[in-house]
Structure formats: C-alpha cells, structure tokens
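Data block below; observations after.
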Amino acid sequence: MFVKICGITNESDALFALAMGADALGFVFAPSPRQVAIGAVAEINRRLPGGTLTVGVFRDSLPERVIEVVTQAGLKGVQLHGSELPEDALRIRQHVHFLIKAFGVDSRLLVRALEYPADALLVDSPRPGSGEVFDWEALRQLPSSDRLILAGGLTPENVGEAIRQVRPFGVDVSSGIESSPGHKDPRKLRAFMQAVREAEQSLTENSEAEPAQDQLQTPLYNWQEEE
C-alpha cells in the first residue's frame with residue numbers, strides 16, 4: 001500500500017515519516033497553512049535518504065512555474081491539485097519523474113481523468129485540502145484506475161475501513177495526523193501507518209481480495225532508472 005504523507009514543513013517530520021514507512025512526502029506550494037518556501041524544501045531535501053519520493057503540491061500554477069520550483073527544490077514529483085488541463089499536465093510530466101493529478105470527488109474534470117498523463121490519480125473531498133471525509137461510495141462512479149490514491153479526512157481511526165471499502169492503490173494524509181497545521185503528531189503518524197498495514201494484511205488474508213492486492217504491489221517507480 002502506497003502511503004503519501006503530505007503537508008511536510010520541517011526536517012524532523014519528514015525523517016520520522018520515512019522511518020515509519022511512508023513512500024512519499026508532499027510539500028505544499030499552493031496557498032495553505034502548510035505552504036513552504038522553495039529554499040526550505042531544498043534544504044530538507046538535501047538531508048533525506050537518496051531515492052525518497054518528494055512531491056511538490058501545486059494548484060493552478062503555470063506549468064513553467066511548476067517546473068521552475070521543482071527544479072530549484074530538487075523534487076522528484078508533482079501533484080496538481082487544481083483545475084489544470086491534460087495539456088498542462090503533459091508539459092509538466094515531461095520534466096518530472098512522477099505526476100499525481102488530484103481531483104475533488106465532485107470535480108467536473110473527473111470525466112477526463114484518464115486523459116491526464118499521470119502516474120496516479122488522487123481523489124479528495126469536494127473541498128480539496130479541507131481534511132473532510134466524503135462518501136467513499138461515490139468512487140464507484142469514477143473512471144477505472146489501478147493507481148487510485150484516496151485522500152480527504154483520513155485519520156488513524158478511519159483509514160483501515162477506507163482501505164477495506166475502497167481498496168485503493170494508496171492513501172494520502174495531512175491534517176489527520178497533525179498536532180497543529182504543518183506539524184505532525186508522532187503518535188498519530190505511527191498509529192496511521194499501523195492501521196494501514198493492518199488493513200493491508202486483512203486484504204491479503206481474504207482470498208477474494210488477492211487480485212486487487214497483486215495490483216497494489218505493482219512497483220510505483222523504479223528509482224534505479226534515474227541513474
């Protein structure tokens with residue numbers, strides 16, 4: 001199960017998230033209480049283990065600006081969390097190793113989701129970044145994707161049920177494991193990761209879920225290809 005910890009603002013949270021088994025770290029460059037400066041992210045990035053999937057989160061920025069920020073901060077991936085069109089995503093994807101296109105569950109762009117050159121599709125609440133839970137049943141009406149990342153109000157208490165119901169490729173969390181905006185609570189983060197692993201294990205023990213689990217274990221990105 002792919003796990004992205006978003007809204008990282010400091011080195012200690014980044015390192016702890018990785019120590020707990022996170023697969024990716026998200027840094028927000030869009031207006032937000034968790035917004036970070038390019039220089040601060042570049043400094044954090046220099047202290048992370050090699051091969052860490054670091055993702056810049058943007059909302060309705062020009063492709064040129066996204067590419068500039070990613071280059072300066074030394075990030076490997078981009079998450080587009082606004083009303084960007086497939087052609088915008090394509091321009092950006094040509095300059096990054098990994099691209100996530102995020103949608104609110106009620107977004108008019110969801111009908112075009114499979115047109116985006118994205119490595120994964122993230123679905124959030126109607127107000128992306130609000131930390132609100134939405135009705136997961138709504139996901140049944142979305143275009144089929146084996147790289148669906150679920151976001152929106154996930155916490156240590158509900159992420160296990162979310163995984164069992166939705167069976168996504170991955171999950172994304174920010175406010176649900178914080179002590180205050182931009183500061184992760186170590187106990188909540190640890191509990192979240194434990195709940196994810198327990199839910200993942202329960203899927204492997206269910207014979208009906210084995211095909212879906214095989215999908216989940218498909219490698220997301222071969223970092224050795226960078227060399």
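If you're wondering about the labels, chains in the structure tokens are A, B, ... by order shown, residues count from 1 in each chain, ligands from 1 in order shown.
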| request: Identify, on the basis of only C-alpha atoms, every residue whose closest approach to segment 84-96 of chain A does not exceed 10 Å; exclude the query and any residue fewer than 5 positions from it along the same chain; express the result as number ranges by chain. | output: A: 55, 58-68, 70-71, 75-79, 101-103, 109, 112-119
| Do you know which residues are at most 10 Å from Gln35 of chain A counting only C-alpha atoms, after dropping those on the same chain fewer than 3 positions away, and could you put them as a PyMOL selection string? | chain A and resi 7-9+27-32+38+57-58+181-182
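Note that the spacing between atom CA of Met1 of chain A and atom CA of Phe98 of chain A amounts to 17.2 Å.
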| message | For the alpha helix (DSSP H) assignment from backbone DSSP, which residues of segment 1-147 of chain A qualify? Please present them as an MDAnalysis selection string. | response | chainID A and resid 11:19 38:46 63:73 86:93
Selection file, N, CA and C atoms, as an mmCIF file, in the first residue's frame:
data_model
loop_
_atom_site.group_PDB
_atom_site.id
_atom_site.type_symbol
_atom_site.label_atom_id
_atom_site.label_comp_id
_atom_site.auth_asym_id
_atom_site.auth_seq_id
_atom_site.Cartn_x
_atom_site.Cartn_y
_atom_site.Cartn_z
ATOM 1 N N GLU A 11 12.156 19.214 8.705
ATOM 2 C CA GLU A 11 13.003 18.035 8.520
ATOM 3 C C GLU A 11 12.646 16.894 9.456
ATOM 4 N N SER A 12 12.358 17.191 10.720
ATOM 5 C CA SER A 12 12.089 16.115 11.675
ATOM 6 C C SER A 12 10.842 15.332 11.294
ATOM 7 N N ASP A 13 9.791 16.023 10.840
ATOM 8 C CA ASP A 13 8.589 15.316 10.411
ATOM 9 C C ASP A 13 8.867 14.465 9.181
ATOM 10 N N ALA A 14 9.662 14.993 8.267
ATOM 11 C CA ALA A 14 9.996 14.255 7.047
ATOM 12 C C ALA A 14 10.729 12.969 7.382
ATOM 13 N N LEU A 15 11.734 13.059 8.236
ATOM 14 C CA LEU A 15 12.529 11.878 8.575
ATOM 15 C C LEU A 15 11.717 10.860 9.368
ATOM 16 N N PHE A 16 10.848 11.342 10.260
ATOM 17 C CA PHE A 16 10.040 10.420 11.041
ATOM 18 C C PHE A 16 9.040 9.692 10.151
ATOM 19 N N ALA A 17 8.447 10.412 9.211
ATOM 20 C CA ALA A 17 7.500 9.783 8.285
ATOM 21 C C ALA A 17 8.176 8.665 7.499
ATOM 22 N N LEU A 18 9.386 8.917 7.032
ATOM 23 C CA LEU A 18 10.124 7.885 6.296
ATOM 24 C C LEU A 18 10.470 6.710 7.204
ATOM 25 N N ALA A 19 10.851 7.005 8.439
ATOM 26 C CA ALA A 19 11.193 5.937 9.380
ATOM 27 C C ALA A 19 9.990 5.045 9.660
ATOM 28 N N ILE A 38 10.518 27.583 -1.224
ATOM 29 C CA ILE A 38 11.374 26.742 -2.060
ATOM 30 C C ILE A 38 12.687 26.421 -1.360
ATOM 31 N N GLY A 39 13.322 27.437 -0.795
ATOM 32 C CA GLY A 39 14.605 27.231 -0.145
ATOM 33 C C GLY A 39 14.526 26.280 1.026
ATOM 34 N N ALA A 40 13.441 26.361 1.806
ATOM 35 C CA ALA A 40 13.269 25.473 2.953
ATOM 36 C C ALA A 40 13.134 24.023 2.499
ATOM 37 N N VAL A 41 12.390 23.803 1.420
ATOM 38 C CA VAL A 41 12.221 22.445 0.912
ATOM 39 C C VAL A 41 13.536 21.909 0.344
ATOM 40 N N ALA A 42 14.266 22.754 -0.351
ATOM 41 C CA ALA A 42 15.557 22.330 -0.890
ATOM 42 C C ALA A 42 16.490 21.898 0.238
ATOM 43 N N GLU A 43 16.453 22.621 1.358
ATOM 44 C CA GLU A 43 17.305 22.284 2.495
ATOM 45 C C GLU A 43 16.883 20.956 3.122
ATOM 46 N N ILE A 44 15.576 20.749 3.277
ATOM 47 C CA ILE A 44 15.082 19.478 3.810
ATOM 48 C C ILE A 44 15.454 18.338 2.868
ATOM 49 N N ASN A 45 15.259 18.570 1.599
ATOM 50 C CA ASN A 45 15.501 17.536 0.594
ATOM 51 C C ASN A 45 16.945 17.053 0.602
ATOM 52 N N ARG A 46 17.865 17.947 0.869
ATOM 53 C CA ARG A 46 19.286 17.582 0.901
ATOM 54 C C ARG A 46 19.612 16.621 2.039
ATOM 55 N N PRO A 63 2.503 25.945 -15.865
ATOM 56 C CA PRO A 63 3.456 24.838 -15.986
ATOM 57 C C PRO A 63 4.901 25.283 -15.835
ATOM 58 N N GLU A 64 5.236 26.432 -16.409
ATOM 59 C CA GLU A 64 6.607 26.932 -16.322
ATOM 60 C C GLU A 64 7.013 27.179 -14.860
ATOM 61 N N ARG A 65 6.069 27.686 -14.086
ATOM 62 C CA ARG A 65 6.362 27.952 -12.680
ATOM 63 C C ARG A 65 6.539 26.650 -11.908
ATOM 64 N N VAL A 66 5.696 25.673 -12.183
ATOM 65 C CA VAL A 66 5.807 24.377 -11.518
ATOM 66 C C VAL A 66 7.168 23.754 -11.793
ATOM 67 N N ILE A 67 7.562 23.760 -13.035
ATOM 68 C CA ILE A 67 8.851 23.167 -13.422
ATOM 69 C C ILE A 67 10.006 23.902 -12.753
ATOM 70 N N GLU A 68 9.911 25.219 -12.690
ATOM 71 C CA GLU A 68 10.960 26.023 -12.052
ATOM 72 C C GLU A 68 11.098 25.677 -10.572
ATOM 73 N N VAL A 69 9.972 25.599 -9.864
ATOM 74 C CA VAL A 69 10.003 25.312 -8.430
ATOM 75 C C VAL A 69 10.544 23.912 -8.162
ATOM 76 N N VAL A 70 10.081 22.945 -8.924
ATOM 77 C CA VAL A 70 10.536 21.557 -8.744
ATOM 78 C C VAL A 70 12.041 21.453 -8.955
ATOM 79 N N THR A 71 12.539 22.139 -9.960
ATOM 80 C CA THR A 71 13.974 22.113 -10.240
ATOM 81 C C THR A 71 14.765 22.748 -9.110
ATOM 82 N N GLN A 72 14.313 23.902 -8.638
ATOM 83 C CA GLN A 72 15.036 24.609 -7.582
ATOM 84 C C GLN A 72 15.003 23.858 -6.251
ATOM 85 N N ALA A 73 13.886 23.207 -5.974
ATOM 86 C CA ALA A 73 13.746 22.496 -4.696
ATOM 87 C C ALA A 73 14.323 21.094 -4.752
ATOM 88 N N PRO A 86 -5.389 18.492 -19.127
ATOM 89 C CA PRO A 86 -4.437 17.431 -19.504
ATOM 90 C C PRO A 86 -3.208 17.955 -20.230
ATOM 91 N N GLU A 87 -3.377 18.977 -21.081
ATOM 92 C CA GLU A 87 -2.225 19.511 -21.812
ATOM 93 C C GLU A 87 -1.228 20.202 -20.879
ATOM 94 N N ASP A 88 -1.727 20.819 -19.798
ATOM 95 C CA ASP A 88 -0.817 21.406 -18.791
ATOM 96 C C ASP A 88 -0.029 20.291 -18.100
ATOM 97 N N ALA A 89 -0.746 19.226 -17.749
ATOM 98 C CA ALA A 89 -0.093 18.101 -17.074
ATOM 99 C C ALA A 89 0.969 17.472 -17.963
ATOM 100 N N LEU A 90 0.694 17.389 -19.247
ATOM 101 C CA LEU A 90 1.659 16.788 -20.171
ATOM 102 C C LEU A 90 2.955 17.589 -20.211
ATOM 103 N N ARG A 91 2.856 18.907 -20.254
ATOM 104 C CA ARG A 91 4.063 19.749 -20.278
ATOM 105 C C ARG A 91 4.892 19.538 -19.025
ATOM 106 N N ILE A 92 4.211 19.415 -17.888
ATOM 107 C CA ILE A 92 4.922 19.233 -16.627
ATOM 108 C C ILE A 92 5.516 17.829 -16.542
ATOM 109 N N ARG A 93 4.749 16.829 -16.982
ATOM 110 C CA ARG A 93 5.197 15.432 -16.882
ATOM 111 C C ARG A 93 6.490 15.195 -17.657
#
| task | Show which residues sit within 10 Å of Leu110 of chain A, as a ChimeraX atom specification. Count only C-alpha atoms, and ignore same-chain residues fewer than 6 positions away. | result | /A:102-104,121,123,142-143
| task | Quick one: pull the distance between atom CA of Pro49 of chain A and atom CA of Ile5 of chain A, Å, one decimal. | result | 15.7 Å
| said: Set the distance at 8 Å and use only C-alpha atoms: which residues neighbour Trp136 of chain A once local chain neighbours fewer than 4 positions away are removed? I'd like the list as a PyMOL selection string. | reply: chain A and resi 140+162+165-166
| request: Step one, run DSSP on the backbone; step two, keep only residues of segment 134-182 of chain A assigned to strand (DSSP E); then write them as a ChimeraX atom specification. | output: /A:148-150,170-173,178-180
| One-decimal distance in Å that lies between atom CA of Leu122 of chain A and atom CA of Pro168 of chain A | 9.8 Å
| query | Taking only C-alpha atoms into account, which of A:Arg197, A:Lys188, A:Arg167, A:His183 comes nearest Pro33 of chain A? | reply | A:His183
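Of the residues under consideration (A:His97, A:Lys4, A:Arg147, A:His81), A:His81 shows the shortest atom-to-atom contact distance to Pro126 of chain A when counting only C-alpha atoms.
Among the candidates A:Gly50, A:Gly56, A:Gly74, A:Gly21, the one nearest to Ile100 of chain A when counting only C-alpha atoms is A:Gly56.
Minimum atom-to-atom distance to Ala22 of chain A, evaluated using only C-alpha atoms, belongs to A:Val3 out of A:Leu148, A:Val3, A:Val36, A:Val105.
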